[in-house]
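With CSV, C-alpha atoms and all ligand atoms inside, this is upload.csv:
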```csv
chain,number,residue,atom,x,y,z
A,1,MET,CA,0.0,0.0,0.0
A,2,TYR,CA,1.3,3.4,-1.0
A,3,ASP,CA,0.7,6.6,1.1
A,4,TYR,CA,0.0,8.6,-2.1
A,5,LEU,CA,-0.6,8.2,-5.8
A,6,ILE,CA,0.4,11.4,-7.5
A,7,VAL,CA,-1.1,12.0,-11.0
A,8,GLY,CA,1.3,14.0,-13.1
A,9,GLN,CA,5.1,14.5,-13.2
A,10,GLY,CA,5.2,18.1,-14.1
A,11,LEU,CA,7.0,20.5,-11.8
A,12,ALA,CA,4.1,20.3,-9.3
A,13,GLY,CA,3.9,16.5,-9.0
A,14,SER,CA,7.7,16.2,-9.1
A,15,LEU,CA,8.4,18.6,-6.2
A,16,LEU,CA,5.6,17.3,-4.1
A,17,ALA,CA,6.7,13.7,-4.6
A,18,TRP,CA,10.3,14.6,-3.8
A,19,ARG,CA,9.2,16.3,-0.5
A,20,LEU,CA,6.8,13.5,0.5
A,21,ILE,CA,9.5,10.9,-0.1
A,22,ASN,CA,12.1,12.9,1.9
A,23,HIS,CA,9.5,12.9,4.7
A,24,GLY,CA,9.5,9.1,4.6
A,25,LYS,CA,6.2,8.6,2.7
A,26,LYS,CA,5.7,5.9,0.1
A,27,VAL,CA,4.7,7.5,-3.1
A,28,LEU,CA,3.9,6.4,-6.7
A,29,VAL,CA,3.8,9.1,-9.4
A,30,LEU,CA,1.7,8.2,-12.5
A,31,ASP,CA,2.5,10.2,-15.6
A,32,ASP,CA,1.7,9.7,-19.3
A,33,GLY,CA,5.2,10.6,-20.6
A,34,HIS,CA,4.6,14.4,-20.3
A,35,ALA,CA,1.9,14.2,-23.0
A,36,SER,CA,0.6,17.6,-22.0
A,37,ALA,CA,3.3,18.9,-19.6
A,38,SER,CA,3.5,22.7,-19.7
A,39,SER,CA,6.6,22.4,-17.5
A,40,MET,CA,8.5,20.8,-20.5
A,41,VAL,CA,7.6,23.8,-22.7
A,42,ALA,CA,8.0,26.7,-20.2
A,43,ALA,CA,11.1,28.9,-20.1
A,44,GLY,CA,11.0,28.8,-16.3
A,45,VAL,CA,11.4,32.5,-15.9
A,46,ILE,CA,11.2,33.8,-12.3
A,47,ASN,CA,9.8,37.3,-12.1
A,48,PRO,CA,8.5,38.5,-8.7
A,49,LEU,CA,6.9,41.7,-10.2
A,50,ALA,CA,4.3,40.2,-12.5
A,51,GLY,CA,2.4,41.7,-15.3
A,52,ARG,CA,2.0,45.2,-16.7
A,53,ARG,CA,1.2,46.6,-13.3
A,54,PHE,CA,4.4,45.1,-11.6
A,55,ASN,CA,2.3,43.5,-8.9
A,56,HIS,CA,3.8,41.4,-6.2
A,57,ALA,CA,2.4,38.8,-3.8
A,58,PRO,CA,2.6,39.5,0.0
A,59,GLN,CA,4.7,36.2,0.4
A,60,ILE,CA,7.2,37.1,-2.3
A,61,HIS,CA,10.3,36.9,-0.1
A,62,GLU,CA,9.2,33.5,1.3
A,63,TRP,CA,8.7,32.3,-2.3
A,64,LEU,CA,12.1,33.6,-3.3
A,65,GLU,CA,13.7,31.9,-0.3
A,66,ALA,CA,12.0,28.6,-1.2
A,67,VAL,CA,13.2,29.0,-4.8
A,68,GLU,CA,16.8,29.4,-3.7
A,69,THR,CA,16.9,26.6,-1.2
A,70,THR,CA,14.8,24.1,-3.2
A,71,TYR,CA,16.6,24.4,-6.6
A,72,THR,CA,20.0,24.6,-4.9
A,73,GLN,CA,19.4,21.4,-2.9
A,74,LEU,CA,18.2,19.6,-6.0
A,75,ALA,CA,21.3,20.9,-7.9
A,76,GLN,CA,23.5,19.5,-5.2
A,77,GLN,CA,21.8,16.1,-5.4
A,78,ALA,CA,22.0,16.1,-9.2
A,79,LYS,CA,25.5,17.7,-9.5
A,80,GLU,CA,24.0,19.9,-12.1
A,81,PRO,CA,22.7,23.5,-11.8
A,82,PHE,CA,19.0,24.2,-12.5
A,83,LEU,CA,18.5,27.7,-11.2
A,84,GLN,CA,20.2,30.7,-12.9
A,85,TRP,CA,19.8,34.2,-11.3
A,86,LEU,CA,19.9,36.8,-14.0
A,87,ASP,CA,18.8,40.5,-13.8
A,88,MET,CA,15.9,41.6,-15.9
A,89,LEU,CA,15.5,44.8,-18.0
A,90,ARG,CA,11.9,45.9,-17.7
A,91,LEU,CA,10.8,48.0,-20.7
A,92,TYR,CA,7.7,50.1,-20.4
A,93,HIS,CA,5.3,49.3,-23.2
A,94,ALA,CA,2.5,51.6,-22.3
A,95,PRO,CA,2.6,55.2,-20.7
A,96,GLU,CA,0.4,54.2,-17.8
A,97,GLN,CA,3.2,52.0,-16.6
A,98,TYR,CA,5.0,55.1,-15.3
A,99,ARG,CA,2.2,55.4,-12.8
A,100,PHE,CA,2.4,51.7,-11.9
A,101,TYR,CA,6.2,52.0,-11.4
A,102,ALA,CA,5.9,55.2,-9.3
A,103,ARG,CA,4.4,53.4,-6.3
A,104,LEU,CA,7.1,50.7,-6.2
A,105,PRO,CA,10.0,52.5,-4.5
A,106,GLU,CA,7.7,53.5,-1.6
A,107,GLN,CA,7.2,49.9,-0.7
A,108,GLU,CA,10.0,48.9,1.7
A,109,GLU,CA,9.5,45.1,1.2
A,110,ILE,CA,10.4,45.2,-2.5
A,111,LYS,CA,13.3,47.7,-2.5
A,112,ASP,CA,15.8,45.0,-3.0
A,113,LEU,CA,14.0,43.9,-6.2
A,114,LEU,CA,14.5,47.3,-7.9
A,115,GLY,CA,17.5,48.5,-9.8
A,116,GLU,CA,18.4,51.6,-11.8
A,117,ARG,CA,15.8,53.4,-14.0
A,118,PHE,CA,16.8,54.5,-17.5
A,119,PRO,CA,15.3,57.1,-19.7
A,120,SER,CA,13.7,56.6,-23.1
A,121,ASN,CA,16.0,55.4,-25.8
A,122,GLU,CA,19.0,54.9,-23.4
A,123,PRO,CA,18.7,51.3,-22.4
A,124,PRO,CA,21.8,49.6,-21.0
A,125,GLN,CA,21.3,46.7,-23.4
A,126,PRO,CA,20.9,46.5,-27.3
A,127,VAL,CA,17.1,46.8,-27.2
A,128,GLN,CA,14.6,49.4,-28.4
A,129,ALA,CA,13.1,51.3,-25.4
A,130,PRO,CA,11.1,54.3,-26.6
A,131,LEU,CA,9.4,54.6,-23.2
A,132,GLY,CA,12.4,53.8,-21.0
A,133,GLY,CA,12.3,51.3,-18.1
A,134,PHE,CA,14.2,49.9,-15.1
A,135,THR,CA,16.3,47.0,-14.0
A,136,GLN,CA,15.0,44.3,-11.8
A,137,HIS,CA,17.0,42.1,-9.4
A,138,ARG,CA,16.2,38.6,-8.0
A,139,THR,CA,14.9,37.4,-11.4
A,140,GLY,CA,16.2,34.5,-13.3
A,141,TYR,CA,15.1,31.1,-14.8
A,142,VAL,CA,15.0,27.4,-14.0
A,143,ARG,CA,16.0,24.8,-16.5
A,144,LEU,CA,12.8,22.9,-16.1
A,145,PRO,CA,13.3,20.0,-18.7
A,146,ALA,CA,16.7,19.1,-17.1
A,147,LEU,CA,15.2,19.3,-13.6
A,148,LEU,CA,12.2,17.1,-14.6
A,149,ARG,CA,14.5,14.5,-16.3
A,150,PHE,CA,16.7,14.4,-13.1
A,151,LEU,CA,13.6,14.0,-10.9
A,152,ALA,CA,12.2,11.3,-13.2
A,153,ARG,CA,15.5,9.3,-12.7
A,154,TRP,CA,15.4,10.0,-9.0
A,155,LEU,CA,11.9,8.7,-8.7
A,156,ARG,CA,12.5,5.6,-10.9
A,157,GLU,CA,15.5,4.7,-8.7
A,158,ARG,CA,13.0,4.5,-5.8
A,159,GLN,CA,10.3,2.6,-7.8
A,160,ALA,CA,8.2,5.7,-7.5
A,161,LEU,CA,7.4,6.5,-11.1
A,162,GLN,CA,5.2,4.7,-13.6
A,163,THR,CA,4.5,5.7,-17.2
A,164,THR,CA,0.8,5.3,-17.6
A,165,THR,CA,-2.3,7.4,-18.3
A,166,VAL,CA,-4.7,7.6,-15.4
A,167,ASP,CA,-8.2,6.9,-16.7
A,168,HIS,CA,-10.7,8.7,-14.4
A,169,GLU,CA,-13.2,5.8,-15.1
A,170,LYS,CA,-10.7,3.3,-13.7
A,171,LEU,CA,-9.6,5.3,-10.7
A,172,GLU,CA,-11.5,4.1,-7.6
A,173,ILE,CA,-11.8,6.5,-4.7
A,174,HIS,CA,-13.2,4.7,-1.6
A,175,THR,CA,-13.6,5.8,2.0
A,176,GLU,CA,-10.6,3.7,3.2
A,177,TYR,CA,-8.3,3.8,0.2
A,178,VAL,CA,-7.8,4.7,-3.5
A,179,CYS,CA,-6.9,2.3,-6.3
A,180,HIS,CA,-5.8,2.6,-9.9
A,181,GLU,CA,-5.1,-0.6,-12.0
A,182,GLY,CA,-4.0,-2.5,-8.9
A,183,TRP,CA,-1.9,0.3,-7.3
A,184,GLN,CA,-3.5,1.0,-3.9
A,185,ALA,CA,-2.8,4.0,-1.7
A,186,ARG,CA,-4.2,6.0,1.2
A,187,GLY,CA,-4.7,9.0,-1.0
A,188,VAL,CA,-4.4,10.5,-4.5
A,189,VAL,CA,-3.1,13.9,-5.4
A,190,PHE,CA,-4.0,15.5,-8.7
A,191,CYS,CA,-1.0,17.4,-10.2
A,192,ASP,CA,-2.3,16.9,-13.7
A,193,GLY,CA,-2.0,20.5,-15.0
A,194,TYR,CA,-4.9,22.0,-17.0
A,195,ARG,CA,-6.4,18.5,-17.7
A,196,CYS,CA,-7.7,18.6,-14.1
A,197,MET,CA,-10.5,20.8,-15.4
A,198,HIS,CA,-12.0,17.5,-16.8
A,199,SER,CA,-11.7,15.7,-13.5
A,200,PRO,CA,-15.0,14.2,-12.1
A,201,TRP,CA,-13.7,15.3,-8.6
A,202,PHE,CA,-12.0,18.7,-9.2
A,203,GLY,CA,-13.6,19.8,-12.4
A,204,TYR,CA,-15.9,22.2,-10.4
A,205,LEU,CA,-12.9,24.4,-9.6
A,206,PRO,CA,-12.5,27.6,-11.7
A,207,PHE,CA,-9.7,26.5,-14.1
A,208,ALA,CA,-9.0,29.1,-16.9
A,209,PRO,CA,-6.5,27.2,-19.1
A,210,ASP,CA,-4.2,29.6,-21.0
A,211,GLN,CA,-2.5,28.2,-24.1
A,212,GLY,CA,0.9,29.7,-24.9
A,213,GLU,CA,3.5,29.5,-27.7
A,214,ILE,CA,7.2,30.0,-27.2
A,215,LEU,CA,10.2,30.0,-29.6
A,216,THR,CA,13.8,28.9,-29.3
A,217,LEU,CA,16.3,31.0,-31.3
A,218,ARG,CA,20.1,30.8,-32.0
A,219,GLN,CA,22.4,33.7,-32.6
A,220,LYS,CA,24.0,33.7,-36.1
A,221,PRO,CA,27.8,33.2,-36.4
A,222,GLU,CA,28.2,36.9,-37.5
A,223,ALA,CA,26.9,38.2,-34.2
A,224,ARG,CA,29.5,40.1,-32.2
A,225,PRO,CA,29.7,40.6,-28.4
A,226,GLY,CA,27.3,43.3,-27.2
A,227,GLN,CA,25.0,43.1,-30.2
A,228,LEU,CA,22.4,40.9,-28.4
A,229,PRO,CA,21.1,41.1,-24.8
A,230,ASP,CA,22.8,39.3,-21.9
A,231,MET,CA,20.0,40.1,-19.4
A,232,ILE,CA,16.4,39.0,-19.5
A,233,ILE,CA,14.4,41.5,-21.5
A,234,ASN,CA,10.8,42.0,-20.6
A,235,GLY,CA,8.6,44.4,-22.5
A,236,ALA,CA,5.3,43.5,-24.3
A,237,GLN,CA,7.2,40.2,-24.9
A,238,TRP,CA,10.2,38.7,-23.2
A,239,LEU,CA,13.6,37.4,-24.4
A,240,LEU,CA,15.7,35.1,-22.3
A,241,PRO,CA,19.4,34.6,-23.1
A,242,MET,CA,20.3,31.0,-22.0
A,243,GLY,CA,24.0,31.0,-22.8
A,244,ASN,CA,25.9,29.3,-25.7
A,245,GLY,CA,24.2,31.7,-28.1
A,246,MET,CA,20.7,30.3,-27.4
A,247,PHE,CA,17.6,32.4,-26.6
A,248,ARG,CA,13.9,31.8,-25.8
A,249,LEU,CA,11.3,34.2,-26.9
A,250,GLY,CA,7.8,34.3,-25.4
A,251,ALA,CA,5.1,34.0,-25.0
A,252,THR,CA,1.6,34.2,-26.4
A,253,HIS,CA,-1.7,33.8,-24.4
A,254,ASN,CA,-4.8,32.3,-25.7
A,255,HIS,CA,-7.8,31.2,-23.6
A,256,HIS,CA,-9.6,29.5,-26.4
A,257,ILE,CA,-7.2,26.9,-27.7
A,258,GLN,CA,-6.4,23.9,-25.4
A,259,ASP,CA,-3.7,21.9,-27.1
A,260,ASN,CA,0.1,21.9,-27.4
A,261,GLN,CA,0.5,22.5,-31.2
A,262,PRO,CA,2.3,25.7,-32.2
A,263,THR,CA,0.5,27.8,-34.9
A,264,GLU,CA,1.8,29.9,-37.8
A,265,GLU,CA,0.0,32.9,-36.4
A,266,GLY,CA,1.6,32.5,-32.9
A,267,VAL,CA,5.1,32.1,-34.5
A,268,SER,CA,4.7,35.2,-36.7
A,269,ARG,CA,3.3,37.3,-33.8
A,270,LEU,CA,6.3,36.4,-31.6
A,271,LEU,CA,8.8,37.1,-34.4
A,272,GLN,CA,7.1,40.5,-35.2
A,273,GLY,CA,7.3,41.4,-31.5
A,274,MET,CA,11.0,40.6,-31.6
A,275,GLU,CA,11.5,43.1,-34.4
A,276,THR,CA,10.3,45.9,-32.2
A,277,LEU,CA,12.1,44.6,-29.1
A,278,LEU,CA,15.7,44.2,-30.3
A,279,LYS,CA,18.2,46.6,-32.0
A,280,ASN,CA,19.6,43.6,-34.1
A,281,PRO,CA,16.8,41.1,-34.5
A,282,GLN,CA,18.4,39.9,-37.8
A,283,LEU,CA,21.2,38.3,-35.7
A,284,LEU,CA,18.8,35.6,-34.4
A,285,GLU,CA,17.4,32.6,-36.2
A,286,LEU,CA,14.5,30.4,-35.3
A,287,THR,CA,15.3,26.8,-34.3
A,288,ARG,CA,12.1,25.6,-32.7
A,289,SER,CA,8.5,26.6,-31.9
A,290,GLU,CA,6.5,24.9,-29.1
A,291,ALA,CA,3.2,25.3,-27.3
A,292,GLY,CA,1.6,24.3,-24.1
A,293,VAL,CA,-1.4,25.0,-21.8
A,294,ARG,CA,-0.8,26.8,-18.5
A,295,PRO,CA,-3.0,25.5,-15.7
A,296,ALA,CA,-4.3,29.0,-14.9
A,297,THR,CA,-7.3,29.9,-12.7
A,298,SER,CA,-9.9,32.6,-12.8
A,299,ASP,CA,-8.8,34.2,-9.5
A,300,ARG,CA,-5.1,33.8,-10.4
A,301,GLN,CA,-4.5,31.8,-7.2
A,302,PRO,CA,-3.3,28.2,-7.0
A,303,LEU,CA,-5.6,25.4,-6.0
A,304,LEU,CA,-4.5,23.3,-3.0
A,305,GLY,CA,-6.4,21.1,-0.7
A,306,THR,CA,-8.7,18.1,-0.2
A,307,HIS,CA,-12.0,17.4,-1.8
A,308,PRO,CA,-14.9,18.3,0.5
A,309,GLY,CA,-16.7,15.0,-0.2
A,310,TYR,CA,-13.8,12.7,-0.9
A,311,PRO,CA,-11.2,13.0,2.0
A,312,ARG,CA,-8.8,10.8,0.1
A,313,ALA,CA,-8.7,13.0,-3.0
A,314,HIS,CA,-6.4,16.0,-3.0
A,315,VAL,CA,-5.4,18.6,-5.6
A,316,PHE,CA,-2.1,20.6,-6.0
A,317,ASN,CA,-2.5,22.6,-9.1
A,318,GLY,CA,-3.4,26.0,-10.7
A,319,PHE,CA,0.0,27.6,-10.9
A,320,GLY,CA,-0.7,29.4,-14.1
A,321,ALA,CA,2.2,31.3,-15.6
A,322,HIS,CA,4.4,31.3,-12.4
A,323,GLY,CA,5.0,27.6,-11.5
A,324,SER,CA,8.8,28.0,-11.2
A,325,LEU,CA,8.4,30.8,-8.6
A,326,MET,CA,5.5,29.4,-6.7
A,327,ILE,CA,5.7,25.6,-6.6
A,328,PRO,CA,8.8,25.4,-4.4
A,329,TRP,CA,7.0,27.2,-1.5
A,330,TYR,CA,3.5,25.8,-2.1
A,331,SER,CA,4.8,22.2,-2.3
A,332,GLU,CA,6.1,22.7,1.3
A,333,GLN,CA,2.7,24.0,2.4
A,334,MET,CA,0.9,21.0,0.6
A,335,CYS,CA,3.3,18.5,2.2
A,336,ARG,CA,2.6,19.9,5.7
A,337,TRP,CA,-1.1,19.8,5.0
A,338,LEU,CA,-1.0,16.2,3.9
A,339,ILE,CA,1.3,15.0,6.7
A,340,GLN,CA,0.5,17.2,9.7
A,341,GLY,CA,-2.9,18.6,8.8
A,342,ARG,CA,-1.4,22.1,9.1
A,343,ALA,CA,-3.7,24.8,7.6
A,344,LEU,CA,-3.1,25.8,4.0
A,345,PRO,CA,-2.7,29.5,3.0
A,346,ALA,CA,-6.4,30.7,2.8
A,347,THR,CA,-5.9,32.3,-0.6
A,348,ALA,CA,-4.8,29.0,-2.2
A,349,ASP,CA,-7.0,26.6,-0.2
A,350,ILE,CA,-9.8,25.2,-2.3
A,351,ALA,CA,-12.0,25.6,0.7
A,352,ARG,CA,-12.6,29.1,-0.6
A,353,TYR,CA,-14.9,27.5,-3.2
A,354,GLY,CA,-17.0,26.0,-0.4
A,355,ASN,CA,-18.5,22.5,-0.2
A,356,GLU,CA,-20.6,22.7,-3.4
A,357,ALA,CA,-18.9,19.6,-4.8
A,358,ALA,CA,-19.5,17.5,-1.6
B,1,LIG,C1,4.5,28.8,-23.4
B,1,LIG,C2,4.6,28.7,-21.9
B,1,LIG,C3,5.6,29.4,-21.3
B,1,LIG,C4,5.7,29.4,-19.9
B,1,LIG,N1,6.7,30.1,-19.3
B,1,LIG,C5,6.8,30.0,-18.0
B,1,LIG,C6,7.9,30.7,-17.3
B,1,LIG,O1,8.7,31.4,-18.0
B,1,LIG,N2,8.0,30.7,-16.0
B,1,LIG,C7,7.1,29.9,-15.2
B,1,LIG,O2,7.2,29.9,-14.0
B,1,LIG,N3,6.1,29.3,-15.8
B,1,LIG,C8,5.9,29.3,-17.1
B,1,LIG,N4,4.9,28.6,-17.7
B,1,LIG,C9,3.9,28.0,-16.9
B,1,LIG,C10,4.4,26.6,-16.3
B,1,LIG,O3,4.6,25.7,-17.3
B,1,LIG,C11,3.5,26.1,-15.2
B,1,LIG,O4,3.3,27.1,-14.2
B,1,LIG,C12,4.0,24.9,-14.5
B,1,LIG,O5,4.9,24.2,-15.3
B,1,LIG,C13,2.8,23.9,-14.2
B,1,LIG,O6,3.3,22.7,-13.7
B,1,LIG,P1,2.3,21.5,-13.4
B,1,LIG,O7,3.2,20.4,-12.9
B,1,LIG,O8,1.2,22.0,-12.5
B,1,LIG,O9,1.6,21.1,-14.8
B,1,LIG,P2,2.2,20.3,-16.0
B,1,LIG,O10,3.6,20.7,-16.2
B,1,LIG,O11,1.3,20.6,-17.1
B,1,LIG,O12,2.3,18.8,-15.6
B,1,LIG,C14,1.1,18.0,-15.6
B,1,LIG,C15,1.6,16.5,-15.9
B,1,LIG,O13,0.5,15.6,-15.7
B,1,LIG,C16,0.4,14.8,-16.8
B,1,LIG,N5,-1.0,14.3,-16.9
B,1,LIG,C17,-2.1,15.0,-17.0
B,1,LIG,N6,-3.2,14.2,-17.0
B,1,LIG,C18,-2.7,12.9,-16.8
B,1,LIG,C19,-3.4,11.6,-16.7
B,1,LIG,N7,-4.7,11.5,-16.7
B,1,LIG,N8,-2.6,10.6,-16.5
B,1,LIG,C20,-1.2,10.7,-16.5
B,1,LIG,N9,-0.6,11.9,-16.6
B,1,LIG,C21,-1.3,13.0,-16.7
B,1,LIG,C22,0.8,15.6,-18.0
B,1,LIG,O14,1.2,14.9,-19.2
B,1,LIG,C23,2.0,16.4,-17.4
B,1,LIG,O15,3.2,15.6,-17.5
B,1,LIG,C24,4.8,28.6,-19.1
B,1,LIG,C25,3.8,27.8,-19.8
B,1,LIG,C26,3.7,27.9,-21.2
B,1,LIG,C27,2.7,27.0,-21.8
```
Represent the supplied structure as structure tokens.
Amino acid sequence: MYDYLIVGQGLAGSLLAWRLINHGKKVLVLDDGHASASSMVAAGVINPLAGRRFNHAPQIHEWLEAVETTYTQLAQQAKEPFLQWLDMLRLYHAPEQYRFYARLPEQEEIKDLLGERFPSNEPPQPVQAPLGGFTQHRTGYVRLPALLRFLARWLRERQALQTTTVDHEKLEIHTEYVCHEGWQARGVVFCDGYRCMHSPWFGYLPFAPDQGEILTLRQKPEARPGQLPDMIINGAQWLLPMGNGMFRLGATHNHHIQDNQPTEEGVSRLLQGMETLLKNPQLLELTRSEAGVRPATSDRQPLLGTHPGYPRAHVFNGFGAHGSLMIPWYSEQMCRWLIQGRALPATADIARYGNEAA
């Protein structure tokens, strides 16, 4: 008998399984070979001041601390780095953003996130910045595919990962135990990304799946030092330099499509955006286009907790566009909830949607 079956080996299922196993729990992760893993497509950018309004969450420093400790600990185990801190150049792309920026320096708790401002057309990087902008600290990115490959190996070594599709019709959730194709456990945790919206148990939660496309680009041999950015650039679109002349460019948002197929329209929209972002866009060439579906929610908060009518069914999901930043901290909270019954953060607890599904 397992303690937990975990459905999904994206970043959410992987980090939760890693923590539960480190606490001595017997876990089996069931994943269909990353068939719909947004974690395998994501650039893994960490940005504590989100969106055009530069908003931040009250727990931002706890999130950043969990980012540092979790990915560093994993890197030590893997003997391979996963987290790369890299400053971000934030470019205003609408005049109202001056107003949104103006309230930031007054907030003591985020002073360490803010760097220099720069005036219009004088950016410290080879980008076009007609409205100016500012530098941000404590930003960076996580190499998610490498991390998930390491965690898949780590789980397999412990007989804790099976490649299979969990068929909701075949998953039995009883009062005393759960069972899927002969694997019995005391509970099941759904970390299945946006497909959770079709779950007979958690489909009542307000998922708002957000399809996104993203490109991989390579610098051409004629590019000279200083002609392309070496910081993360974030304006209407973002560009991430990943070293060795490789870049990622993203990302689109579409609430109507729910698949992981890139489209011609998405690719050309991103490439057009790059033309207005860079001083030397001709020095980059496209090598790959990908798409995935972010497990976003209508209130933009994650979904953690236990089903009101099925105490053996749990959910750990809803990380939208910010999984790399949020999952390290929330996986600790979820682990404590499962093992010790310690209360979940109220803003993330699915109890906020009441007992309507009971
Ligand atoms: C284009 C794009 C760019 C992004 N960029 C960033 C970024 O820069 N920074 C950032 O933090 N986030 C980014 N994200 C969001 C990020 O991908 C998510 O926040 C995070 O990865 C979600 O992880 P997850 O484990 O919850 O879901 P997923 O990674 O989707 O994992 C779910 C897993 O469950 C499996 N699964 C589902 N149903 C079943 C079933 N029935 N049986 C078996 N297996 C099943 C899936 O195949 C998958 O492997 C981006 C997303 C996209 C699409």
(request) Would you please work out which residue, of A:Arg52, A:Arg294, A:Arg149, A:Arg218, is nearest to ligand LIG 1 (chain B) when using all atoms listed in the file? (result)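 Of the candidates, the smallest distance to ligand LIG 1 (chain B) is held by A:Arg294.
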(request) Check which residues fall inside 6 Å of ligand LIG 1 (chain B) when counting all atoms listed in the file, and print them as a count of residues only. (result) 47
(message) Just the number, please: distance in Å from CA of Glu109 in chain A to CA of Leu86 in chain A, one decimal.
(response)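 CA of Glu109 in chain A sits 20.2 Å away from CA of Leu86 in chain A.
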(request) Please indicate the distance in Å from CA of His93 in chain A to CA of Gly51 in chain A, rounded to one decimal place. (result) 11.3 Å
(message) Just to confirm, what's the straight-line distance from CA of Arg248 in chain A to CA of Pro229 in chain A in Å (one decimal)?
(response)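 Separating CA of Arg248 in chain A from CA of Pro229 in chain A is a distance of 11.8 Å.
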(request) Go through A:Phe202, A:Tyr4, A:Tyr310, A:Trp183 and flag the residue nearest Leu338 in chain A, using only C-alpha atoms for the distances. (result) A:Tyr4
(message) Calculated over all atoms listed in the file, which of the candidates A:Ala236, A:Thr72, A:Gln84, A:Arg352 has the smallest distance to Leu131 in chain A?
(response) A:Ala236
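Minimum distance to Ala223 in chain A across A:Gln282, A:Thr175, A:Thr263, A:Ser268 (counting all atoms listed in the file) occurs at A:Gln282.
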(request) Find the residues around Glu172 in chain A up to 12 Å (only C-alpha atoms counted), leave out those fewer than 3 positions away in its own chain, and share them as a PyMOL selection string. (result) chain A and resi 5+166-169+175-188+200-201+310+312-313
(request) Go through A:Thr70, A:Gln333, A:Thr163, A:Glu285 one by one, measure the shortest atom-to-atom distance of each to Ile6 in chain A using all atoms listed in the file, and give the residue with the smallest value. (result) A:Thr163
List the neighbours of Ile110 in chain A out to 10 Å using all atoms listed in the file; skip same-chain residues closer than 4 positions along the sequence, and give me the result as a CSV table (one decimal) with C-alpha atoms, in the frame of the given file.
```
chain,number,residue,atom,x,y,z
A,48,PRO,CA,8.5,38.5,-8.7
A,49,LEU,CA,6.9,41.7,-10.2
A,56,HIS,CA,3.8,41.4,-6.2
A,58,PRO,CA,2.6,39.5,0.0
A,60,ILE,CA,7.2,37.1,-2.3
A,61,HIS,CA,10.3,36.9,-0.1
A,104,LEU,CA,7.1,50.7,-6.2
A,105,PRO,CA,10.0,52.5,-4.5
A,106,GLU,CA,7.7,53.5,-1.6
A,114,LEU,CA,14.5,47.3,-7.9
```
(message) When you look at Ala152 in chain A with a cut-off of 10 Å (counting all atoms listed in the file), what residues show up, excluding the ones that are within fewer than 6 positions of it in the same chain? I need them as a list in words.
(response) Gln9, Gly10, Ser14, Val29, Ala146, Ala160, Leu161 and Gln162 of chain A
(message) Calculated over all atoms listed in the file, which of the candidates A:Tyr204, A:Phe134, A:Phe54, A:Trp18 has the smallest distance to Leu91 in chain A?
(response) A:Phe134
(request) Would you mind listing what lies within 8 Å of Gln301 in chain A as a VMD selection string, with all atoms listed in the file counted and same-chain residues fewer than 3 positions away left out? (result) chain A and resid 297 to 298 318 to 319 347 to 348
